[in-house]
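K.L.:
Following this line is my_file.csv, made up of CSV, C-alpha atoms and all ligand atoms:
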```
chain,number,residue,atom,x,y,z
L,964,MET,CA,-74.8,-2.4,22.7
L,965,SER,CA,-77.4,0.3,23.2
L,966,VAL,CA,-80.4,1.3,21.1
L,967,LYS,CA,-82.6,4.3,21.1
L,968,GLU,CA,-85.6,3.9,23.3
L,969,ASN,CA,-89.0,4.0,21.6
L,970,ASN,CA,-92.4,3.5,23.4
L,971,LYS,CA,-94.4,2.9,20.3
L,972,ASN,CA,-96.3,-0.3,19.6
L,973,PRO,CA,-93.9,-2.4,17.5
L,974,ALA,CA,-96.6,-3.0,14.9
L,975,GLU,CA,-96.7,0.7,14.1
L,976,THR,CA,-93.0,1.0,13.6
L,977,THR,CA,-92.0,2.1,10.1
L,978,VAL,CA,-89.1,0.8,8.1
L,979,LYS,CA,-87.1,4.0,8.8
L,980,GLU,CA,-87.7,3.8,12.5
L,981,LYS,CA,-86.7,0.1,12.5
L,982,LYS,CA,-83.4,1.1,10.9
L,983,GLN,CA,-83.0,3.8,13.6
L,984,LEU,CA,-83.7,1.3,16.3
L,985,ALA,CA,-80.9,-0.9,15.0
L,986,VAL,CA,-78.3,1.8,15.3
L,987,LYS,CA,-75.6,1.1,17.8
L,988,LEU,CA,-75.0,4.0,20.2
L,989,ILE,CA,-71.7,4.8,21.8
L,990,PRO,CA,-70.8,7.1,24.6
L,991,VAL,CA,-68.8,10.2,23.9
L,992,HIS,CA,-68.0,13.3,25.9
L,993,ILE,CA,-68.5,16.6,24.0
L,994,MET,CA,-67.3,19.7,25.7
L,995,GLY,CA,-67.2,17.8,29.0
L,996,LYS,CA,-70.7,16.4,28.8
L,997,ARG,CA,-71.6,12.7,28.1
L,998,TYR,CA,-73.8,11.8,25.2
L,999,GLU,CA,-74.8,8.7,23.4
L,1000,VAL,CA,-74.4,9.0,19.7
L,1001,PRO,CA,-74.7,6.6,16.7
L,1002,GLU,CA,-71.5,4.7,16.0
L,1003,GLY,CA,-69.8,5.7,12.7
L,1004,LEU,CA,-70.7,9.4,12.8
L,1005,THR,CA,-68.1,12.0,12.3
L,1006,ILE,CA,-67.4,14.2,15.3
L,1007,MET,CA,-69.3,17.0,13.5
L,1008,LYS,CA,-72.4,14.9,12.9
L,1009,ALA,CA,-72.2,13.4,16.4
L,1010,MET,CA,-72.2,16.9,17.9
L,1011,GLU,CA,-75.2,17.9,15.8
L,1012,TYR,CA,-76.9,14.6,16.8
L,1013,ALA,CA,-76.2,15.6,20.5
L,1014,GLY,CA,-77.9,19.0,19.9
L,1015,TYR,CA,-75.1,21.3,19.0
L,1016,ARG,CA,-75.6,23.8,16.2
L,1017,PHE,CA,-72.6,25.0,14.3
L,1018,ILE,CA,-72.4,28.7,13.8
L,1019,ARG,CA,-68.7,28.7,13.5
L,1020,GLY,CA,-66.2,25.9,13.1
L,1021,CYS,CA,-68.0,24.3,10.1
L,1022,GLY,CA,-67.7,25.0,6.5
L,1023,CYS,CA,-67.3,22.5,3.6
L,1024,ARG,CA,-67.9,19.3,5.6
L,1025,GLY,CA,-65.6,17.7,3.2
L,1026,GLY,CA,-62.1,18.2,4.7
L,1027,THR,CA,-61.1,21.1,2.5
L,1028,CYS,CA,-61.9,24.4,4.3
L,1029,GLY,CA,-60.1,23.8,7.5
L,1030,ALA,CA,-62.8,25.4,9.7
L,1031,CYS,CA,-63.4,22.4,12.0
L,1032,GLY,CA,-60.2,21.9,14.0
L,1033,THR,CA,-60.9,19.7,17.0
L,1034,VAL,CA,-59.0,18.2,19.9
L,1035,TYR,CA,-59.8,14.9,21.5
L,1036,ARG,CA,-58.4,12.4,23.9
L,1037,LYS,CA,-59.1,8.7,24.0
L,1038,PRO,CA,-59.7,6.9,27.3
L,1039,GLY,CA,-56.6,5.5,28.8
L,1040,ASP,CA,-54.4,7.7,26.6
L,1041,TYR,CA,-52.6,10.7,28.1
L,1042,LYS,CA,-52.0,12.1,24.6
L,1043,LEU,CA,-54.1,14.9,23.2
L,1044,GLN,CA,-55.0,14.3,19.5
L,1045,VAL,CA,-56.2,16.7,16.9
L,1046,ALA,CA,-58.4,16.2,13.8
L,1047,LEU,CA,-60.9,17.7,11.6
L,1048,ALA,CA,-64.4,17.3,13.1
L,1049,CYS,CA,-65.9,16.6,9.6
L,1050,GLN,CA,-63.4,13.8,8.9
L,1051,LYS,CA,-62.7,12.0,12.2
L,1052,THR,CA,-65.3,9.4,13.3
L,1053,VAL,CA,-66.3,9.1,17.0
L,1054,GLU,CA,-64.8,6.4,19.1
L,1055,PRO,CA,-66.3,5.1,22.4
L,1056,ASP,CA,-65.6,7.3,25.4
L,1057,MET,CA,-63.5,9.8,23.5
L,1058,TYR,CA,-63.4,13.4,25.0
L,1059,VAL,CA,-64.0,16.0,22.3
L,1060,ALA,CA,-63.7,19.8,22.2
L,1061,GLN,CA,-63.8,22.0,19.2
L,1062,ILE,CA,-61.4,24.8,18.4
L,1063,PRO,CA,-63.2,26.7,15.6
L,1064,PHE,CA,-60.7,29.5,15.8
L,1065,PHE,CA,-57.1,29.4,16.9
L,1066,PRO,CA,-55.6,32.8,18.1
L,1067,ALA,CA,-52.3,32.5,16.2
L,1068,ASN,CA,-50.1,35.4,15.3
L,1069,ARG,CA,-50.7,36.6,11.7
L,1070,ALA,CA,-48.4,39.3,10.5
L,1071,GLU,CA,-49.7,42.4,8.8
L,1072,TYR,CA,-48.2,43.5,5.5
L,1073,LYS,CA,-48.9,45.3,2.3
L,1074,PHE,CA,-48.3,42.6,-0.2
L,1075,THR,CA,-47.5,45.0,-3.1
L,1076,GLU,CA,-44.5,46.2,-1.1
L,1077,LEU,CA,-43.0,42.8,-0.5
L,1078,THR,CA,-40.2,41.3,-2.7
L,1079,SER,CA,-39.3,37.7,-3.1
L,1080,ALA,CA,-36.4,38.0,-0.7
L,1081,SER,CA,-36.4,35.5,2.2
L,1082,GLU,CA,-35.7,38.4,4.6
L,1083,GLU,CA,-39.4,39.4,4.0
L,1084,VAL,CA,-40.5,36.2,5.8
L,1085,PHE,CA,-37.8,36.5,8.4
L,1086,GLY,CA,-38.8,40.0,9.2
L,1087,LEU,CA,-42.5,39.3,9.4
L,1088,TYR,CA,-42.2,36.0,11.3
L,1089,PRO,CA,-39.0,36.1,13.3
L,1090,GLU,CA,-40.4,33.4,15.5
L,1091,LEU,CA,-39.7,31.1,12.6
L,1092,PHE,CA,-36.3,30.5,14.2
L,1093,ARG,CA,-37.9,29.3,17.4
L,1094,CYS,CA,-38.7,26.0,15.7
L,1095,VAL,CA,-37.0,23.2,17.7
L,1096,ALA,CA,-37.7,20.6,14.9
L,1097,CYS,CA,-39.8,18.4,17.2
L,1098,ASN,CA,-42.1,17.4,14.2
L,1099,ALA,CA,-45.3,17.7,16.3
L,1100,CYS,CA,-46.7,19.9,13.5
L,1101,THR,CA,-46.2,17.3,10.9
L,1102,LYS,CA,-47.9,14.6,13.1
L,1103,ALA,CA,-50.9,17.0,13.7
L,1104,CYS,CA,-51.5,17.8,10.0
L,1105,PRO,CA,-54.7,16.3,8.7
L,1106,GLN,CA,-53.5,16.9,5.2
L,1107,GLY,CA,-50.3,14.9,5.5
L,1108,ILE,CA,-48.1,17.9,4.8
L,1109,GLN,CA,-44.4,17.7,5.9
L,1110,VAL,CA,-44.9,20.8,8.0
L,1111,MET,CA,-41.6,20.7,9.7
L,1112,ASP,CA,-39.7,20.3,6.4
L,1113,ALA,CA,-41.6,23.3,5.0
L,1114,ILE,CA,-40.6,25.3,8.0
L,1115,ALA,CA,-37.0,24.1,7.6
L,1116,ALA,CA,-37.2,25.4,3.9
L,1117,LEU,CA,-38.3,28.8,5.1
L,1118,LYS,CA,-35.5,28.9,7.6
L,1119,ARG,CA,-33.1,28.2,4.7
L,1120,GLY,CA,-34.8,31.0,2.8
L,1121,ASP,CA,-36.2,28.6,0.3
L,1122,ILE,CA,-39.7,30.2,-0.2
L,1123,SER,CA,-40.4,28.1,-3.3
L,1124,GLU,CA,-39.8,24.8,-1.5
L,1125,ALA,CA,-42.0,26.0,1.4
L,1126,ALA,CA,-44.8,27.0,-1.0
L,1127,LEU,CA,-44.7,23.7,-2.9
L,1128,LEU,CA,-44.5,21.6,0.3
L,1129,SER,CA,-47.5,23.4,1.8
L,1130,PHE,CA,-49.6,23.5,-1.3
L,1131,ASP,CA,-52.4,21.3,0.3
L,1132,CYS,CA,-52.6,23.4,3.5
L,1133,ILE,CA,-56.2,24.2,4.4
L,1134,GLN,CA,-55.3,26.7,7.2
L,1135,CYS,CA,-57.0,24.7,10.0
L,1136,GLY,CA,-54.3,25.7,12.5
L,1137,LEU,CA,-53.9,22.3,14.0
L,1138,CYS,CA,-50.1,22.4,13.5
L,1139,THR,CA,-49.9,25.6,15.5
L,1140,SER,CA,-52.1,24.2,18.2
L,1141,ARG,CA,-49.3,21.5,18.9
L,1142,CYS,CA,-46.2,23.7,18.2
L,1143,LEU,CA,-43.7,23.9,21.1
L,1144,GLY,CA,-42.2,27.0,19.5
L,1145,GLU,CA,-45.6,28.8,19.2
L,1146,LEU,CA,-45.2,29.2,15.4
L,1147,ALA,CA,-48.1,29.9,13.2
L,1148,GLN,CA,-46.9,27.7,10.4
L,1149,TYR,CA,-50.0,28.0,8.3
L,1150,HIS,CA,-49.9,31.8,8.2
L,1151,MET,CA,-46.2,31.6,7.3
L,1152,PHE,CA,-46.9,29.1,4.5
L,1153,GLN,CA,-49.7,31.3,3.1
L,1154,LEU,CA,-47.2,34.2,2.9
L,1155,ALA,CA,-44.7,31.9,1.1
L,1156,ARG,CA,-47.3,30.7,-1.4
L,1157,ARG,CA,-48.3,34.3,-2.1
L,1158,ILE,CA,-44.7,35.4,-2.7
L,1159,TYR,CA,-44.1,32.3,-4.8
L,1160,GLY,CA,-47.2,32.8,-6.9
L,1161,ALA,CA,-46.7,36.5,-7.5
L,1162,ARG,CA,-43.0,37.0,-7.5
L,1163,ILE,CA,-41.2,33.7,-8.2
L,1164,LEU,CA,-43.3,31.5,-10.5
L,1165,SER,CA,-43.1,32.5,-14.1
L,1166,ARG,CA,-46.1,34.1,-15.7
L,1167,ALA,CA,-48.6,31.9,-17.6
L,1168,GLU,CA,-48.4,33.1,-21.2
L,1169,HIS,CA,-51.7,31.6,-22.2
L,1170,LEU,CA,-53.5,33.4,-19.3
L,1171,ALA,CA,-52.1,36.7,-20.5
L,1172,GLU,CA,-53.3,36.0,-24.0
L,1173,MET,CA,-56.8,35.1,-22.7
L,1174,VAL,CA,-57.0,38.3,-20.6
L,1175,LYS,CA,-56.0,40.3,-23.6
L,1176,ALA,CA,-58.7,38.6,-25.7
L,1177,VAL,CA,-61.3,39.4,-23.1
L,1178,GLU,CA,-60.2,43.0,-22.8
L,1179,GLU,CA,-60.4,43.3,-26.6
L,1180,GLY,CA,-64.0,42.2,-26.6
L,1181,GLU,CA,-63.5,38.9,-28.3
L,1182,TYR,CA,-66.2,37.2,-26.2
L,1183,GLU,CA,-68.7,40.1,-26.2
L,1184,GLU,CA,-70.9,38.6,-28.9
L,1185,ALA,CA,-71.1,35.2,-27.2
L,1186,LEU,CA,-71.8,36.8,-23.8
L,1187,GLU,CA,-74.6,38.9,-25.3
L,1188,LYS,CA,-76.1,35.8,-26.9
L,1189,LEU,CA,-76.1,34.0,-23.5
L,1190,LYS,CA,-77.6,37.0,-21.8
L,1191,GLY,CA,-80.5,37.0,-24.3
L,1192,MET,CA,-81.4,33.4,-23.6
L,1193,SER,CA,-84.3,32.2,-21.6
L,1194,GLU,CA,-83.7,29.9,-18.6
L,1195,GLU,CA,-84.8,26.9,-20.7
L,1196,GLU,CA,-82.5,27.8,-23.5
L,1197,LEU,CA,-79.6,28.3,-21.1
L,1198,LYS,CA,-80.3,24.9,-19.5
L,1199,ARG,CA,-80.4,23.2,-22.9
L,1200,ALA,CA,-77.2,24.9,-24.0
L,1201,TYR,CA,-75.5,23.7,-20.8
L,1202,GLN,CA,-76.8,20.2,-21.1
L,1203,GLU,CA,-75.7,20.0,-24.8
L,1204,ARG,CA,-72.3,21.5,-24.3
L,1205,GLU,CA,-69.3,19.4,-25.2
L,1206,VAL,CA,-67.7,18.0,-22.1
L,1207,GLU,CA,-64.1,17.1,-21.8
L,1208,PRO,CA,-63.7,13.3,-21.5
L,1209,VAL,CA,-62.3,12.2,-18.2
L,1210,SER,CA,-59.5,10.4,-20.1
L,1211,ALA,CA,-58.6,13.4,-22.2
L,1212,GLY,CA,-55.0,14.3,-22.4
L,1213,GLU,CA,-53.3,17.7,-22.3
L,1214,ASP,CA,-53.8,18.3,-26.0
L,1215,TRP,CA,-57.6,17.8,-25.9
L,1216,ARG,CA,-59.5,20.6,-27.7
L,1217,PRO,CA,-63.3,21.0,-28.2
L,1218,LYS,CA,-64.7,20.6,-31.7
L,1219,ASP,CA,-65.9,24.2,-31.6
L,1220,LYS,CA,-62.7,26.2,-31.4
L,1221,ARG,CA,-64.3,29.7,-31.7
L,1222,TYR,CA,-63.6,30.6,-28.1
L,1223,LEU,CA,-60.1,29.1,-27.7
L,1301,LIG,S1,-65.8,21.7,7.7
L,1301,LIG,FE1,-64.4,22.2,6.2
L,1301,LIG,S2,-62.7,21.0,6.8
L,1301,LIG,FE2,-64.2,20.3,8.1
```
Before we go any further, please render this structure as structure tokens.
P.N.:
Amino acid sequence: MSVKENNKNPAETTVKEKKQLAVKLIPVHIMGKRYEVPEGLTIMKAMEYAGYRFIRGCGCRGGTCGACGTVYRKPGDYKLQVALACQKTVEPDMYVAQIPFFPANRAEYKFTELTSASEEVFGLYPELFRCVACNACTKACPQGIQVMDAIAALKRGDISEAALLSFDCIQCGLCTSRCLGELAQYHMFQLARRIYGARILSRAEHLAEMVKAVEEGEYEEALEKLKGMSEEELKRAYQEREVEPVSAGEDWRPKDKRYL
């Protein structure tokens, strides 16, 4: 166990510093250089602790933006692993390198000219058929998506299935980084979800009704009223608003139905 060194007179040590002194440090290798970082940190925080400053490769810090793809290897293991730097915690002696951008093929297209035919995907991403079904993509996915199954759906021409299976994709590119066939699965899935949302999924009638109401000026008066409020009045209105209970069902409606 190692602790941070401190030359101060112990009598002058503050409670915060005492906590810091008790932190266990572990060795990690970041971009090929050895550092000692507190145990339990995420790779991202460990890198910042070691002095790195993120300009790219960091966004939400919560595992949803996909910006922080990272490769690492543990001592004694030949296998290269992948993870999100903001989610994976450091382990002793791990070797870490970040891949904030993965140079994968992304097809160019004018979406308005695309139909829902599976040939659209085949034409834009013919490499789809290079998939050898090794499943490395699924194992690499930090979102637990059945990546290989979604690719198989695309190969069958089932855009809907691919879109639904890949719904939780955060575009981190880690599947692509491990793909033997050099597929950019996440870009293919994005295309599938776009086609599914715009060309296959039936229109939401309530949304069309609401857009019509907005266009017809149904909310103008309420908006004008809000615009005329002071900051204090806005804060009060926000705090006093009726909030939907966590346990509310599908049929929940607010008491004030003027804007429904
Ligand atoms: S910073 Fe957004 S997923 Fe890690």
K.L.:
As a PyMOL selection string, please: the residues near Pro1055 of chain L (cut-off 6 Å, only C-alpha atoms, same-chain neighbours under 3 positions excluded).
P.N.:
chain L and resi 989-991
K.L.:
Could you tell me which of L:Glu1083, L:Glu1195, L:Glu1054, L:Asp1112 comes closest to Ala1099 of chain L if we count all atoms listed in the file?
P.N.:
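Between L:Glu1083, L:Glu1195, L:Glu1054, L:Asp1112, the residue approaching Ala1099 of chain L most closely is L:Asp1112.
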K.L.:
Kindly extract all protein, DNA and RNA residues lying within 10 Å of the coordinates (-43.1, 23.6, 0.9) given in the file, considering only C-alpha atoms, and supply them as a compact mmCIF listing (two decimals) with C-alpha atoms, keeping the file's coordinate frame.
P.N.:
```
# COMPACT_ATOMS: atom_id res chain seq x y z
CA ILE L 1108 -48.10 17.90 4.80
CA GLN L 1109 -44.40 17.70 5.90
CA VAL L 1110 -44.90 20.80 8.00
CA MET L 1111 -41.60 20.70 9.70
CA ASP L 1112 -39.70 20.30 6.40
CA ALA L 1113 -41.60 23.30 5.00
CA ILE L 1114 -40.60 25.30 8.00
CA ALA L 1115 -37.00 24.10 7.60
CA ALA L 1116 -37.20 25.40 3.90
CA LEU L 1117 -38.30 28.80 5.10
CA ASP L 1121 -36.20 28.60 0.30
CA ILE L 1122 -39.70 30.20 -0.20
CA SER L 1123 -40.40 28.10 -3.30
CA GLU L 1124 -39.80 24.80 -1.50
CA ALA L 1125 -42.00 26.00 1.40
CA ALA L 1126 -44.80 27.00 -1.00
CA LEU L 1127 -44.70 23.70 -2.90
CA LEU L 1128 -44.50 21.60 0.30
CA SER L 1129 -47.50 23.40 1.80
CA PHE L 1130 -49.60 23.50 -1.30
CA ASP L 1131 -52.40 21.30 0.30
CA CYS L 1132 -52.60 23.40 3.50
CA PHE L 1152 -46.90 29.10 4.50
CA ALA L 1155 -44.70 31.90 1.10
CA ARG L 1156 -47.30 30.70 -1.40
```
K.L.:
Atom CA of Glu1205 of chain L to atom CA of Leu1186 of chain L: how many Å, to one decimal?
P.N.:
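Spanning atom CA of Glu1205 of chain L to atom CA of Leu1186 of chain L is a straight-line distance of 17.6 Å.
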K.L.:
Given only C-alpha atoms as the basis, pick out the residue of L:Leu988, L:Cys1142, L:Ala1013, L:Leu1077 nearest to Leu1154 of chain L.
P.N.:
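Answer, going by the shortest atom-to-atom distance: L:Leu1077.
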K.L.:
Using all atoms listed in the file, which residue out of L:Ala1046, L:Arg1141, L:Glu1184, L:Arg1221 lies closest to Thr1005 of chain L?
P.N.:
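Selected residue with least distance to Thr1005 of chain L: L:Ala1046.
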K.L.:
Closest to Lys1042 of chain L among L:Cys1028, L:Lys987, L:Tyr1058, L:Leu1004, using all atoms listed in the file?
P.N.:
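Ranked by minimum distance to Lys1042 of chain L, first place goes to L:Tyr1058.
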K.L.:
Using only C-alpha atoms and all ligand atoms, I'd like a table of the residues in chain L that come within 7 Å of ligand LIG 1301 (chain L); for each, show the closest atom pair and its distance in Å rounded to one decimal, ordered by chain and ascending number, as a Markdown table.
P.N.:
```
| residue | atom | partner | partner_atom | distance |
| --- | --- | --- | --- | --- |
| L:Gly1020 | CA | L:LIG1301 | S1 | 6.9 |
| L:Cys1021 | CA | L:LIG1301 | S1 | 4.2 |
| L:Gly1022 | CA | L:LIG1301 | S1 | 4.0 |
| L:Cys1023 | CA | L:LIG1301 | FE1 | 3.9 |
| L:Arg1024 | CA | L:LIG1301 | S1 | 3.8 |
| L:Gly1025 | CA | L:LIG1301 | FE1 | 5.5 |
| L:Gly1026 | CA | L:LIG1301 | S2 | 3.6 |
| L:Thr1027 | CA | L:LIG1301 | S2 | 4.6 |
| L:Cys1028 | CA | L:LIG1301 | FE1 | 3.8 |
| L:Gly1029 | CA | L:LIG1301 | S2 | 3.9 |
| L:Ala1030 | CA | L:LIG1301 | FE1 | 5.0 |
| L:Cys1031 | CA | L:LIG1301 | FE2 | 4.5 |
| L:Leu1047 | CA | L:LIG1301 | FE2 | 5.5 |
| L:Ala1048 | CA | L:LIG1301 | FE2 | 5.8 |
| L:Cys1049 | CA | L:LIG1301 | FE2 | 4.3 |
| L:Gln1050 | CA | L:LIG1301 | FE2 | 6.6 |
```
K.L.:
So, with all atoms listed in the file as the atoms that count, which of L:Tyr1201, L:Tyr1041, L:Phe1065, L:Tyr1149 lies closest to Tyr1088 of chain L?
P.N.:
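The answer is L:Tyr1149, which sits nearest to Tyr1088 of chain L.
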K.L.:
Counting all atoms listed in the file, which residue out of L:Leu1189, L:Met1010, L:Ala1067, L:Leu1091 sits closest to Tyr998 of chain L?
P.N.:
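Going through L:Leu1189, L:Met1010, L:Ala1067, L:Leu1091 one by one, the smallest distance to Tyr998 of chain L is for L:Met1010.
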K.L.:
By how many Å are atom CA of Thr1033 of chain L and atom CA of Gln1061 of chain L apart?
P.N.:
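So the answer is 4.3 Å.
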K.L.:
Could you state the separation of atom CA of Ala1070 of chain L and atom CA of Gly1086 of chain L in Å, given to one decimal place?
P.N.:
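Separation between atom CA of Ala1070 of chain L and atom CA of Gly1086 of chain L: 9.7 Å.
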K.L.:
Write out as a list in words the residues lying within 12 Å of Pro1089 of chain L, counting all atoms listed in the file and excluding same-chain residues fewer than 4 positions away.
P.N.:
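The filter keeps Asn1068, Arg1069, Ala1070, Ser1081, Glu1082, Glu1083, Val1084, Phe1085, Arg1093, Cys1094, Leu1117, Lys1118, Gly1144, Glu1145, Leu1146, Ala1147, Gln1148 and Met1151 of chain L.
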K.L.:
Mind checking which residues fall within 9 Å of Pro1217 of chain L, counting all atoms listed in the file, ignoring those fewer than 2 positions away in the same chain, and posting them as a list of chain:residue names?
P.N.:
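Close residues of Pro1217 of chain L: L:Glu1205, L:Val1206, L:Glu1207, L:Trp1215, L:Asp1219, L:Lys1220, L:Leu1223.
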K.L.:
Within 9 Å of (-58.5, 19.5, 22.1), in the coordinates the file gives, what residues turn up when you count only C-alpha atoms, written out as JSON, numbers by chain?
P.N.:
{"L": [1032, 1033, 1034, 1035, 1036, 1043, 1044, 1045, 1046, 1058, 1059, 1060, 1061, 1062, 1140]}
